[in-house]
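Listing of model_9.txt, compact mmCIF, C-alpha atoms and all ligand atoms
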```
# COMPACT_ATOMS: atom_id res chain seq x y z
CA MET A 1 16.24 -8.26 16.54
CA ALA A 2 19.40 -10.32 16.99
CA ASN A 3 17.30 -13.47 17.31
CA LEU A 4 15.30 -12.61 14.21
CA GLU A 5 18.41 -11.80 12.17
CA ALA A 6 19.87 -15.19 13.08
CA LYS A 7 16.62 -16.98 12.27
CA HIS A 8 15.88 -15.17 8.99
CA PRO A 9 19.25 -14.18 7.52
CA GLY A 10 19.11 -12.10 4.35
CA GLU A 11 15.41 -11.24 4.68
CA ASN A 12 16.34 -7.59 4.52
CA GLU A 13 12.99 -5.92 3.79
CA TYR A 14 11.33 -7.97 6.52
CA LEU A 15 14.02 -7.17 9.08
CA GLN A 16 13.90 -3.47 8.14
CA ALA A 17 10.13 -3.28 8.66
CA VAL A 18 10.27 -5.11 11.99
CA ARG A 19 13.17 -3.00 13.27
CA GLU A 20 11.32 0.25 12.59
CA VAL A 21 8.25 -0.87 14.50
CA LEU A 22 10.13 -2.36 17.46
CA GLU A 23 12.36 0.69 17.87
CA THR A 24 9.42 3.07 18.00
CA ILE A 25 7.15 1.03 20.31
CA GLU A 26 9.83 -0.09 22.80
CA THR A 27 9.19 2.51 25.53
CA GLU A 28 5.42 2.10 25.37
CA TYR A 29 5.68 -1.71 25.22
CA ASN A 30 7.78 -1.84 28.35
CA LYS A 31 4.99 -0.14 30.29
CA HIS A 32 2.86 -3.25 29.74
CA PRO A 33 4.11 -6.33 31.62
CA GLU A 34 1.09 -8.26 30.27
CA PHE A 35 2.51 -7.89 26.73
CA GLU A 36 5.85 -9.26 27.83
CA ALA A 37 4.16 -12.13 29.72
CA ALA A 38 2.21 -13.15 26.59
CA LYS A 39 5.31 -12.76 24.39
CA ILE A 40 3.40 -10.41 22.09
CA VAL A 41 6.48 -9.19 20.19
CA GLU A 42 7.85 -12.68 19.63
CA ARG A 43 4.43 -13.76 18.33
CA ILE A 44 3.58 -10.74 16.21
CA VAL A 45 6.81 -10.79 14.19
CA GLU A 46 6.16 -14.30 12.86
CA PRO A 47 3.29 -14.97 10.44
CA ASP A 48 0.54 -17.38 11.49
CA ARG A 49 1.42 -19.33 8.32
CA ILE A 50 2.78 -18.94 4.78
CA PHE A 51 1.39 -20.74 1.75
CA LYS A 52 3.96 -21.14 -1.02
CA PHE A 53 2.94 -22.77 -4.27
CA ARG A 54 3.89 -23.40 -7.86
CA VAL A 55 1.84 -21.58 -10.50
CA VAL A 56 1.97 -23.18 -13.95
CA TRP A 57 0.46 -21.60 -17.03
CA VAL A 58 0.86 -21.54 -20.82
CA ASP A 59 1.99 -18.38 -22.62
CA ASP A 60 0.79 -17.12 -26.03
CA LYS A 61 3.52 -19.07 -27.82
CA GLY A 62 2.29 -22.31 -26.27
CA LYS A 63 5.27 -22.51 -23.90
CA THR A 64 4.85 -23.72 -20.32
CA GLN A 65 5.73 -21.10 -17.70
CA VAL A 66 6.41 -21.72 -14.02
CA ASN A 67 6.15 -19.08 -11.27
CA LEU A 68 6.10 -19.08 -7.48
CA GLY A 69 2.99 -17.89 -5.65
CA TYR A 70 2.59 -16.99 -1.97
CA ARG A 71 0.04 -15.99 0.61
CA VAL A 72 1.30 -14.84 3.99
CA GLN A 73 -1.44 -15.01 6.64
CA TYR A 74 0.17 -12.84 9.27
CA ASN A 75 -2.09 -12.02 12.18
CA ALA A 76 -5.81 -12.55 12.73
CA ALA A 77 -6.29 -10.93 16.15
CA LEU A 78 -8.51 -8.20 14.69
CA GLY A 79 -10.31 -10.13 11.96
CA ALA A 80 -9.91 -12.25 8.84
CA TYR A 81 -6.57 -11.81 7.05
CA LYS A 82 -6.63 -8.85 4.66
CA GLY A 83 -4.06 -7.44 2.28
CA GLY A 84 -3.05 -7.14 -1.33
CA LEU A 85 -1.42 -9.39 -3.91
CA ARG A 86 1.74 -8.18 -5.62
CA PHE A 87 2.82 -9.48 -9.03
CA HIS A 88 6.42 -8.43 -9.65
CA PRO A 89 9.54 -10.35 -10.71
CA LYS A 90 11.31 -9.46 -7.44
CA VAL A 91 8.60 -10.88 -5.19
CA ASN A 92 10.01 -13.26 -2.58
CA GLU A 93 9.19 -14.34 0.95
CA SER A 94 11.05 -11.45 2.60
CA MET A 95 9.16 -8.87 0.54
CA LEU A 96 5.77 -10.38 1.31
CA LYS A 97 6.62 -10.80 4.99
CA PHE A 98 7.55 -7.11 5.26
CA LEU A 99 4.33 -6.15 3.50
CA GLY A 100 2.22 -8.51 5.62
CA PHE A 101 3.84 -7.26 8.82
CA GLU A 102 3.14 -3.62 7.89
CA GLN A 103 -0.40 -4.58 6.95
CA ILE A 104 -1.18 -5.74 10.52
CA PHE A 105 -0.65 -2.24 11.93
CA LYS A 106 -2.13 -0.41 8.97
CA ASN A 107 -5.31 -2.46 9.15
CA SER A 108 -5.43 -1.88 12.89
CA LEU A 109 -5.27 1.90 12.32
CA THR A 110 -8.42 1.76 10.14
CA MET A 111 -10.35 0.55 13.26
CA LEU A 112 -12.12 -1.98 11.01
CA PRO A 113 -12.15 -5.72 11.86
CA LEU A 114 -9.24 -6.63 9.57
CA GLY A 115 -6.31 -8.95 10.28
CA GLY A 116 -3.05 -8.65 8.35
CA GLY A 117 -1.95 -10.59 5.28
CA LYS A 118 -0.20 -10.24 1.95
CA GLY A 119 0.57 -12.36 -1.08
CA GLY A 120 1.66 -12.41 -4.66
CA ALA A 121 3.91 -14.02 -7.20
CA ASP A 122 7.21 -13.49 -8.99
CA PHE A 123 5.21 -13.05 -12.21
CA ASP A 124 6.21 -10.06 -14.35
CA PRO A 125 3.15 -8.42 -15.98
CA VAL A 126 5.35 -6.17 -18.17
CA GLY A 127 4.89 -7.08 -21.82
CA LYS A 128 2.27 -9.77 -21.12
CA SER A 129 -0.88 -9.96 -23.26
CA ASP A 130 -4.34 -9.76 -21.74
CA ALA A 131 -4.84 -13.49 -22.37
CA GLU A 132 -1.58 -14.31 -20.59
CA ILE A 133 -2.59 -12.18 -17.60
CA MET A 134 -5.92 -14.02 -17.47
CA ARG A 135 -4.34 -17.47 -17.61
CA PHE A 136 -1.83 -16.57 -14.93
CA CYS A 137 -4.52 -15.15 -12.61
CA GLN A 138 -6.65 -18.26 -13.09
CA ALA A 139 -3.74 -20.59 -12.36
CA PHE A 140 -2.85 -18.57 -9.25
CA VAL A 141 -6.37 -18.78 -7.81
CA TYR A 142 -6.74 -22.45 -8.75
CA GLU A 143 -4.05 -23.11 -6.16
CA LEU A 144 -5.06 -20.54 -3.51
CA TRP A 145 -8.87 -20.58 -3.52
CA ARG A 146 -9.40 -22.99 -0.61
CA ASN A 147 -7.43 -20.71 1.70
CA ILE A 148 -9.31 -17.49 0.99
CA GLY A 149 -12.87 -16.30 1.63
CA PRO A 150 -14.59 -13.31 3.24
CA ASP A 151 -14.36 -14.80 6.75
CA GLN A 152 -10.95 -16.34 6.19
CA ASP A 153 -8.64 -14.21 4.08
CA SER A 154 -9.52 -11.54 1.55
CA PRO A 155 -6.85 -10.49 -0.97
CA ALA A 156 -6.92 -7.32 -3.06
CA GLY A 157 -4.58 -5.58 -5.50
CA ASP A 158 -1.10 -4.19 -5.01
CA VAL A 159 1.78 -3.49 -7.43
CA GLY A 160 1.00 -5.31 -10.70
CA VAL A 161 -2.53 -6.24 -9.64
CA GLY A 162 -5.42 -3.91 -10.51
CA GLY A 163 -9.09 -4.17 -11.42
CA ARG A 164 -8.47 -6.38 -14.44
CA GLU A 165 -6.42 -8.95 -12.50
CA ILE A 166 -8.91 -8.96 -9.60
CA GLY A 167 -11.68 -9.59 -12.14
CA TYR A 168 -9.95 -12.66 -13.55
CA MET A 169 -9.12 -13.98 -10.09
CA TYR A 170 -12.62 -13.36 -8.77
CA GLY A 171 -14.18 -15.11 -11.78
CA MET A 172 -12.08 -18.21 -11.14
CA TYR A 173 -12.72 -18.05 -7.39
CA LYS A 174 -16.50 -17.99 -7.87
CA LYS A 175 -16.37 -20.87 -10.31
CA LEU A 176 -14.41 -23.04 -7.87
CA ALA A 177 -16.01 -21.98 -4.58
CA ARG A 178 -19.58 -21.67 -5.97
CA GLU A 179 -20.03 -18.56 -3.87
CA HIS A 180 -21.35 -15.27 -5.14
CA SER A 181 -21.38 -11.63 -4.12
CA THR A 182 -18.64 -12.19 -1.61
CA GLY A 183 -15.80 -10.18 -0.22
CA ALA A 184 -13.36 -13.04 -0.89
CA LEU A 185 -11.49 -10.54 -3.04
CA THR A 186 -11.75 -6.76 -2.96
CA GLY A 187 -10.95 -4.14 -5.56
CA LYS A 188 -13.61 -5.68 -7.80
CA SER A 189 -15.15 -3.44 -10.43
CA TYR A 190 -18.37 -1.60 -9.76
CA GLY A 191 -21.44 -3.50 -10.95
CA TRP A 192 -20.43 -6.97 -9.73
CA GLY A 193 -19.50 -6.42 -6.12
CA GLY A 194 -16.93 -3.66 -6.31
CA SER A 195 -17.16 -0.44 -4.33
CA LEU A 196 -17.27 3.01 -5.82
CA ILE A 197 -14.16 5.01 -4.81
CA ARG A 198 -12.08 1.84 -4.13
CA PRO A 199 -9.89 2.61 -7.20
CA GLU A 200 -9.31 6.16 -5.98
CA ALA A 201 -9.16 5.32 -2.26
CA THR A 202 -5.43 4.92 -1.62
CA GLY A 203 -4.60 8.19 -3.38
CA PHE A 204 -7.60 10.10 -1.95
CA GLY A 205 -6.84 8.85 1.55
CA ALA A 206 -3.19 9.86 1.20
CA ILE A 207 -4.15 13.39 0.20
CA TYR A 208 -6.68 13.61 3.08
CA TYR A 209 -3.83 12.71 5.45
CA VAL A 210 -1.41 15.16 3.82
CA GLU A 211 -4.03 17.90 4.00
CA ARG A 212 -4.08 17.41 7.79
CA MET A 213 -0.25 17.54 7.96
CA VAL A 214 -0.37 20.80 6.01
CA LYS A 215 -3.16 22.26 8.18
CA GLU A 216 -1.19 21.32 11.31
CA LYS A 217 1.38 23.89 10.12
CA LYS A 218 -1.41 26.46 9.47
CA ASP A 219 -0.58 26.06 5.80
CA THR A 220 -2.78 25.32 2.76
CA MET A 221 -2.79 22.80 -0.11
CA LYS A 222 -3.56 25.57 -2.59
CA GLY A 223 -0.72 26.10 -5.04
CA LYS A 224 1.55 23.47 -3.46
CA ARG A 225 3.93 21.75 -5.88
CA ILE A 226 3.64 17.98 -5.46
CA ALA A 227 6.10 15.40 -6.80
CA LEU A 228 4.67 11.89 -7.12
CA SER A 229 6.67 8.82 -8.07
CA GLY A 230 5.14 6.14 -10.25
CA PHE A 231 2.09 6.48 -12.48
CA GLY A 232 0.02 3.55 -11.22
CA ASN A 233 -3.22 3.36 -9.32
CA VAL A 234 -1.90 5.13 -6.21
CA ALA A 235 -0.31 8.10 -8.03
CA TRP A 236 -3.45 8.38 -10.18
CA GLY A 237 -5.79 8.74 -7.18
CA ALA A 238 -3.45 11.18 -5.44
CA ALA A 239 -3.18 13.30 -8.61
CA ILE A 240 -6.99 13.58 -8.90
CA LYS A 241 -7.55 14.68 -5.29
CA ALA A 242 -4.47 16.93 -5.08
CA THR A 243 -5.56 18.76 -8.25
CA GLU A 244 -9.10 19.07 -6.90
CA LEU A 245 -7.72 20.77 -3.77
CA GLY A 246 -5.81 23.31 -5.84
CA ALA A 247 -2.34 21.77 -5.60
CA LYS A 248 -0.13 21.23 -8.66
CA VAL A 249 1.29 17.80 -9.48
CA VAL A 250 4.60 18.77 -11.08
CA ALA A 251 6.21 15.34 -11.47
CA ILE A 252 5.36 11.71 -12.06
CA SER A 253 7.94 9.04 -12.73
CA GLY A 254 8.59 5.48 -13.86
CA PRO A 255 11.44 2.99 -13.99
CA ASP A 256 12.65 4.78 -17.15
CA GLY A 257 12.83 8.32 -15.71
CA VAL A 258 10.77 11.36 -14.72
CA CYS A 259 8.17 13.55 -16.42
CA GLU A 260 8.31 17.14 -15.28
CA ILE A 261 4.97 18.92 -15.61
CA GLU A 262 5.76 22.54 -14.79
CA LYS A 263 2.19 23.85 -15.14
CA GLY A 264 0.69 20.97 -13.14
CA ILE A 265 -0.97 17.79 -14.34
CA THR A 266 -4.26 18.15 -16.27
CA LYS A 267 -7.37 15.96 -16.27
CA ASP A 268 -6.49 14.52 -19.70
CA MET A 269 -3.07 13.57 -18.43
CA ILE A 270 -4.53 11.95 -15.30
CA ASP A 271 -6.89 9.93 -17.53
CA TYR A 272 -3.96 8.93 -19.71
CA MET A 273 -2.20 7.42 -16.67
CA LEU A 274 -4.82 4.65 -16.78
CA GLU A 275 -3.98 3.84 -20.41
CA MET A 276 -0.27 3.83 -19.60
CA ARG A 277 -0.85 1.29 -16.86
CA ALA A 278 -3.15 -0.87 -19.03
CA SER A 279 -0.54 -0.98 -21.82
CA ASN A 280 1.84 -2.93 -19.52
CA ARG A 281 4.77 -1.01 -21.05
CA ASN A 282 5.79 0.51 -17.71
CA LYS A 283 7.25 3.64 -19.35
CA VAL A 284 6.48 7.15 -18.06
CA GLU A 285 8.03 8.56 -21.23
CA ASP A 286 4.71 7.73 -22.91
CA MET A 287 3.18 10.74 -21.11
CA ALA A 288 5.67 13.13 -22.74
CA THR A 289 5.13 11.49 -26.13
CA LYS A 290 1.37 12.02 -25.79
CA PHE A 291 1.56 15.54 -24.26
CA PRO A 292 4.85 16.99 -25.61
CA LYS A 293 3.93 20.60 -24.74
CA LEU A 294 3.03 19.83 -21.11
CA ALA A 295 5.42 17.11 -19.96
CA LYS A 296 9.21 17.01 -20.24
CA PHE A 297 10.79 13.57 -19.95
CA THR A 298 14.29 13.04 -18.54
CA ALA A 299 15.68 9.51 -18.67
CA GLY A 300 17.26 7.99 -15.57
CA LYS A 301 16.09 10.69 -13.11
CA LYS A 302 13.75 10.26 -10.16
CA ALA A 303 10.76 12.43 -9.23
CA TRP A 304 12.84 13.79 -6.33
CA SER A 305 15.03 15.76 -8.73
CA VAL A 306 12.07 18.09 -9.41
CA LYS A 307 11.68 21.03 -7.02
CA CYS A 308 8.55 20.50 -4.91
CA ASP A 309 6.81 21.42 -1.63
CA ILE A 310 5.36 17.96 -1.01
CA ALA A 311 7.06 14.70 -1.97
CA MET A 312 4.96 11.55 -2.14
CA PRO A 313 6.60 8.24 -3.09
CA CYS A 314 3.83 6.15 -4.69
CA ALA A 315 5.76 3.33 -6.37
CA PHE A 316 7.85 0.74 -4.48
CA GLN A 317 9.64 0.03 -1.24
CA ASN A 318 12.93 1.81 -0.52
CA GLU A 319 12.51 4.00 -3.61
CA LEU A 320 13.57 7.19 -1.79
CA ASP A 321 17.09 6.99 -0.34
CA GLU A 322 19.14 9.32 1.86
CA LYS A 323 20.66 11.07 -1.16
CA ASP A 324 17.18 11.74 -2.57
CA ALA A 325 16.04 13.07 0.81
CA LYS A 326 19.00 15.47 0.91
CA GLU A 327 18.20 16.67 -2.63
CA LEU A 328 14.56 17.26 -1.66
CA LEU A 329 15.60 19.15 1.48
CA LYS A 330 18.07 21.26 -0.48
CA ASN A 331 15.24 22.17 -2.86
CA GLY A 332 13.04 23.26 0.05
CA VAL A 333 10.62 20.34 0.47
CA LYS A 334 8.11 21.13 3.24
CA TYR A 335 6.33 17.78 3.72
CA VAL A 336 7.09 14.17 2.84
CA ALA A 337 4.35 11.54 2.85
CA GLU A 338 5.10 7.93 2.03
CA VAL A 339 2.31 6.36 0.02
CA SER A 340 4.13 3.27 -1.19
CA ASN A 341 4.69 0.71 1.56
CA MET A 342 8.09 1.47 3.18
CA GLY A 343 8.85 3.80 0.28
CA CYS A 344 11.64 5.56 2.17
CA GLN A 345 14.89 4.06 3.37
CA PRO A 346 15.71 4.49 7.10
CA GLY A 347 18.50 6.98 6.27
CA ALA A 348 16.04 9.10 4.28
CA ILE A 349 13.50 9.16 7.11
CA ALA A 350 16.21 10.10 9.61
CA ALA A 351 17.41 12.98 7.39
CA ILE A 352 13.87 14.30 6.86
CA GLN A 353 13.00 14.10 10.57
CA LYS A 354 16.30 15.71 11.54
CA ALA A 355 15.48 18.66 9.27
CA LYS A 356 12.14 18.98 11.17
CA VAL A 357 10.19 18.36 7.96
CA PRO A 358 6.95 16.49 8.79
CA PHE A 359 7.14 12.88 7.59
CA GLY A 360 4.01 10.70 7.21
CA PRO A 361 4.67 6.93 7.20
CA GLY A 362 3.11 4.62 4.59
CA LYS A 363 1.13 2.49 6.98
CA ALA A 364 -0.89 5.54 8.01
CA VAL A 365 -0.83 7.58 4.79
CA ASN A 366 -1.86 4.73 2.48
CA ALA A 367 -4.37 3.05 4.80
CA GLY A 368 -7.31 4.46 2.82
CA GLY A 369 -6.90 1.68 0.26
CA VAL A 370 -7.39 -1.22 2.62
CA ALA A 371 -9.96 0.75 4.61
CA THR A 372 -12.11 1.04 1.50
CA SER A 373 -11.58 -2.67 0.86
CA GLY A 374 -13.07 -3.11 4.33
CA LEU A 375 -16.02 -0.97 3.23
CA GLU A 376 -16.35 -3.13 0.10
CA ILE A 377 -16.66 -6.23 2.33
CA CYS A 378 -19.40 -4.44 4.33
CA GLN A 379 -21.31 -3.68 1.14
CA ASN A 380 -20.92 -7.27 -0.10
CA ALA A 381 -22.17 -8.62 3.24
CA GLU A 382 -25.30 -6.50 3.13
CA HIS A 383 -25.84 -7.03 -0.63
CA ARG A 384 -25.97 -3.32 -1.21
CA ASN A 385 -23.95 -0.66 -3.04
CA TRP A 386 -23.22 2.56 -1.26
CA THR A 387 -23.08 5.83 -3.20
CA ALA A 388 -19.71 7.38 -4.02
CA GLU A 389 -20.49 10.12 -1.48
CA GLU A 390 -21.17 7.58 1.29
CA VAL A 391 -17.94 5.69 0.63
CA ASP A 392 -15.87 8.86 0.35
CA LYS A 393 -17.34 10.24 3.57
CA ASN A 394 -16.46 7.03 5.43
CA LEU A 395 -12.96 7.07 3.94
CA HIS A 396 -12.44 10.69 4.93
CA THR A 397 -13.61 10.00 8.49
CA ILE A 398 -11.27 7.00 8.77
CA MET A 399 -8.28 9.02 7.51
CA ASN A 400 -9.05 11.87 9.93
CA ASN A 401 -9.27 9.36 12.75
CA ILE A 402 -5.94 7.77 11.75
CA TYR A 403 -4.35 11.21 11.62
CA ASP A 404 -5.68 12.05 15.10
CA MET A 405 -4.33 8.76 16.52
CA CYS A 406 -0.89 9.43 15.00
CA VAL A 407 -0.82 12.86 16.66
CA GLU A 408 -2.04 11.49 19.99
CA HIS A 409 0.68 8.82 20.14
CA GLY A 410 3.36 10.72 18.25
CA LYS A 411 3.49 14.07 20.03
CA GLU A 412 7.02 14.79 21.26
CA LYS A 413 7.98 16.90 24.30
CA ASP A 414 9.01 19.80 22.04
CA GLY A 415 5.53 19.86 20.48
CA SER A 416 6.63 18.33 17.17
CA ILE A 417 4.86 15.23 15.85
CA ASN A 418 6.66 11.98 15.13
CA TYR A 419 4.08 10.43 12.81
CA VAL A 420 6.13 7.23 12.46
CA LYS A 421 6.09 6.60 16.19
CA GLY A 422 2.43 7.66 16.46
CA ALA A 423 1.29 5.27 13.73
CA ASN A 424 3.33 2.35 15.06
CA ILE A 425 2.19 2.74 18.66
CA ALA A 426 -1.49 3.31 17.80
CA GLY A 427 -1.54 0.38 15.37
CA PHE A 428 0.37 -1.93 17.67
CA MET A 429 -1.64 -1.26 20.84
CA ARG A 430 -4.96 -2.36 19.35
CA VAL A 431 -3.49 -5.65 18.09
CA ALA A 432 -1.50 -6.34 21.26
CA LYS A 433 -4.52 -5.76 23.51
CA ALA A 434 -6.63 -8.06 21.32
CA MET A 435 -3.95 -10.76 21.44
CA VAL A 436 -3.71 -10.58 25.24
CA ALA A 437 -7.51 -10.72 25.59
CA GLN A 438 -7.79 -13.72 23.25
CA GLY A 439 -5.29 -15.83 25.18
CA ILE A 440 -2.19 -17.80 24.27
CA ILE A 441 -3.08 -19.28 20.90
O1 LIG B 1 -0.87 -2.20 0.71
C1 LIG B 1 -2.10 -2.20 0.77
O2 LIG B 1 -2.69 -1.80 1.78
C2 LIG B 1 -2.86 -2.72 -0.36
N1 LIG B 1 -2.24 -3.10 -1.35
C3 LIG B 1 -4.35 -2.81 -0.31
C4 LIG B 1 -4.78 -4.00 0.49
C5 LIG B 1 -6.26 -4.28 0.48
O3 LIG B 1 -6.62 -5.35 0.99
O4 LIG B 1 -7.04 -3.48 -0.01
```
Kindly present the structure from the file in structure tokens form.
Amino acid sequence: MANLEAKHPGENEYLQAVREVLETIETEYNKHPEFEAAKIVERIVEPDRIFKFRVVWVDDKGKTQVNLGYRVQYNAALGAYKGGLRFHPKVNESMLKFLGFEQIFKNSLTMLPLGGGKGGADFDPVGKSDAEIMRFCQAFVYELWRNIGPDQDSPAGDVGVGGREIGYMYGMYKKLAREHSTGALTGKSYGWGGSLIRPEATGFGAIYYVERMVKEKKDTMKGKRIALSGFGNVAWGAAIKATELGAKVVAISGPDGVCEIEKGITKDMIDYMLEMRASNRNKVEDMATKFPKLAKFTAGKKAWSVKCDIAMPCAFQNELDEKDAKELLKNGVKYVAEVSNMGCQPGAIAAIQKAKVPFGPGKAVNAGGVATSGLEICQNAEHRNWTAEEVDKNLHTIMNNIYDMCVEHGKEKDGSINYVKGANIAGFMRVAKAMVAQGII
């Protein structure tokens, strides 16, 4: 860590993600002299390569705009690079390196042949018109297309990139590459290469994992109060499945504040989340404006201020801090599951674990998204569409398997389960063994 800090000063998100993994795998790692001999840790913490490029486009007023685009190809021991694209004004190399690093282990946990990667741009979709989004996406792919492909690197969505953006990028990719029906990008819409259930997959997978955490305590999802942060694709999928299982989503949030939904979110409200995202306004207050009798908006508050049994950060890294964790614990939270990548700060995780409240880490809980991207690539390769039931069944099996691996590697002497340690060790071992077997490259 000292070497890395000296080499990459100020890359805080990246250093945070690496530290968490190294701390939890250390004991297990030291049992394997072959890892040390092949310098697996020193190799795995550095990306294979990073593409960094200028993206130039013209806005609706005819003005030239310049952004920075990136693709971090992190580790290909298990397969072609795979991971989302994030469009957000705060995107920088450190953020994408942390996300790419996490993606290696997450993809490993799915047991699919997926390497780790991530990318994006410092482009802010908030307030942009549809035409501006299209021009930006086209300009982004114009630069990146030679470095992606189903057997090379397959991007998908992340914060700020959903079905619409993938559509524009895929259209441009096909035009340039003259390739069709490919898994060069995933998260495509159904009908032209997309997989059913991919939009729901991150949220569904997260709830499948949480259901196992709840069952582990001989408890039930029925009637549980769930607080979700955000109102994007991930929170949307989680809200659908949680409601289906009889739980009550009592809070969603946005950068502007929180909407408290005392009676639990309804189907109409879940559907409206999609419109809120498509509007590019990024305001959760819109839910309370549309459903004034059901949702109460409070400006400046987080979802964690609402009393809940299960807290699920679904928005952005480091969104839940130690103070939030203490507030949740004071209000009797029973389970915390990170759905955003690195959604909880280290102090928050420590406080939750110290209180013996089960804590599920993002790289395990949210792996259903990339897993279903992997299933989309399978469908593209065999020129076939699976039914929603087939995809969902595969997703559920993968999430159960991930849960089992986390328990196997995370069981402590006192019988409690350290899901963070379990996920990191299980994810790491598969990659490390593959790297040793494939030689010094
Ligand atoms: O963080 C993630 O796993 C994603 N944004 C999805 C990546 C993917 O390739 O589906």
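Interatomic distance, atom CA of Lys334 of chain A against atom CA of Lys217 of chain A: 10.0 Å.
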Which residue out of A:Ile25, A:Val234, A:Ala131, A:Met221 has the minimum interatomic distance to ligand LIG 1 (chain B) when all atoms listed in the file are used?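 Of all the options, A:Val234 lies closest to ligand LIG 1 (chain B).
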List all protein, DNA and RNA residues that have an atom no more than 6 Å from any atom of ligand LIG 1 (chain B), counting only C-alpha atoms and all ligand atoms, and report them as a PyMOL selection string. chain A and resi 82-84+155-158+367+369-370+373
Let me make sure I understand: among A:Ile197, A:Ala355, A:Pro113, A:Arg49, which one has the smallest atom-to-atom distance to Glu390 of chain A if we use all atoms listed in the file?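 The closest residue to Glu390 of chain A is A:Ile197.
For the atom pair formed by atom CA of Ala77 of chain A and atom CA of Ala434 of chain A, the distance is 5.9 Å, given to one decimal.
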Which one of A:Leu196, A:Val66, A:Ala38, A:Ala371 sits closest to Asn385 of chain A if you count all atoms listed in the file?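 That would be A:Leu196, the residue with the smallest distance to Asn385 of chain A.
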Which is closest to Leu320 of chain A among A:Cys308, A:Ile349, A:Tyr14, A:Val250, if we use all atoms listed in the file?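 So, comparing all the options, the nearest one is A:Ile349.
Across the model, the gap from atom CA of Ala348 of chain A to atom CA of Lys326 of chain A is 7.8 Å.
Distances here use all atoms listed in the file; by that measure, the residue among A:Lys188, A:Lys411, A:His32, A:Arg430 closest to Gly115 of chain A is A:Arg430.
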Minimum-distance residue to Leu22 of chain A, chosen among A:Ile44, A:Ala311, A:Ala388, A:Leu328 (using all atoms listed in the file): A:Ile44
Taking 6 positions as the minimum chain separation for residues in the same chain, which residues sit within 12 Å of Lys330 of chain A when counting only C-alpha atoms? Answer as a PDB file with C-alpha atoms, in the coordinates of the input.
```pdb
ATOM      1  CA  TRP A 304      12.840  13.790  -6.330  1.00  0.00           C
ATOM      2  CA  SER A 305      15.030  15.760  -8.730  1.00  0.00           C
ATOM      3  CA  VAL A 306      12.070  18.090  -9.410  1.00  0.00           C
ATOM      4  CA  LYS A 307      11.680  21.030  -7.020  1.00  0.00           C
ATOM      5  CA  CYS A 308       8.550  20.500  -4.910  1.00  0.00           C
ATOM      6  CA  ASP A 309       6.810  21.420  -1.630  1.00  0.00           C
ATOM      7  CA  LYS A 323      20.660  11.070  -1.160  1.00  0.00           C
ATOM      8  CA  ASP A 324      17.180  11.740  -2.570  1.00  0.00           C
ATOM      9  CA  ALA A 351      17.410  12.980   7.390  1.00  0.00           C
ATOM     10  CA  ILE A 352      13.870  14.300   6.860  1.00  0.00           C
ATOM     11  CA  ALA A 355      15.480  18.660   9.270  1.00  0.00           C
ATOM     12  CA  VAL A 357      10.190  18.360   7.960  1.00  0.00           C
TER      13      VAL A 357
END
```
Taking only C-alpha atoms into account, produce a table as a tab-separated table in which each residue of segment 37-109 of chain A with an atom at most 8 Å from an atom of segment 161-174 of chain A appears once, together with its shortest atom pair and the distance in Å to one decimal, ordered by chain and rising number.
```
residue	atom	partner	partner_atom	distance
A:Leu85	CA	A:Val161	CA	6.6
A:Arg86	CA	A:Val161	CA	6.2
A:Phe87	CA	A:Val161	CA	6.3
```
Dump as JSON lines the rows for residues of segment 255-348 of chain A within 12 Å of segment 100-107 of chain A: closest atom pair and distance in Å with one decimal, all atoms listed in the file counted, ordered by chain and rising residue number.
```
{"residue": "A:Gln317", "atom": "CA", "partner": "A:Glu102", "partner_atom": "CA", "distance": 11.8}
{"residue": "A:Ser340", "atom": "CA", "partner": "A:Glu102", "partner_atom": "CA", "distance": 11.4}
{"residue": "A:Asn341", "atom": "CA", "partner": "A:Glu102", "partner_atom": "CA", "distance": 7.8}
{"residue": "A:Met342", "atom": "CA", "partner": "A:Glu102", "partner_atom": "CA", "distance": 8.5}
```
Env of segment 258-266 of chain A: 12 Å cut, atoms = only C-alpha atoms, seq-sep filter 5 positions within chain, self excluded. Answer as a ChimeraX atom specification. /A:223-231,235-236,238-244,246-253,271-273,283-308
Do you know which residues are at most 10 Å from segment 419-427 of chain A counting only C-alpha atoms, after dropping those on the same chain fewer than 5 positions away, and could you put them as a PyMOL selection string? chain A and resi 20-29+102-111+213+349+353+358-365+402-412+432
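Surrounding residues of (-3.7, -22.5, -12.1) at most 10 Å away are Arg54, Val55, Val56, Trp57, Val58, Arg135, Phe136, Cys137, Gln138, Ala139, Phe140, Val141, Tyr142, Glu143, Leu144 and Met172 of chain A (based on all atoms listed in the file).
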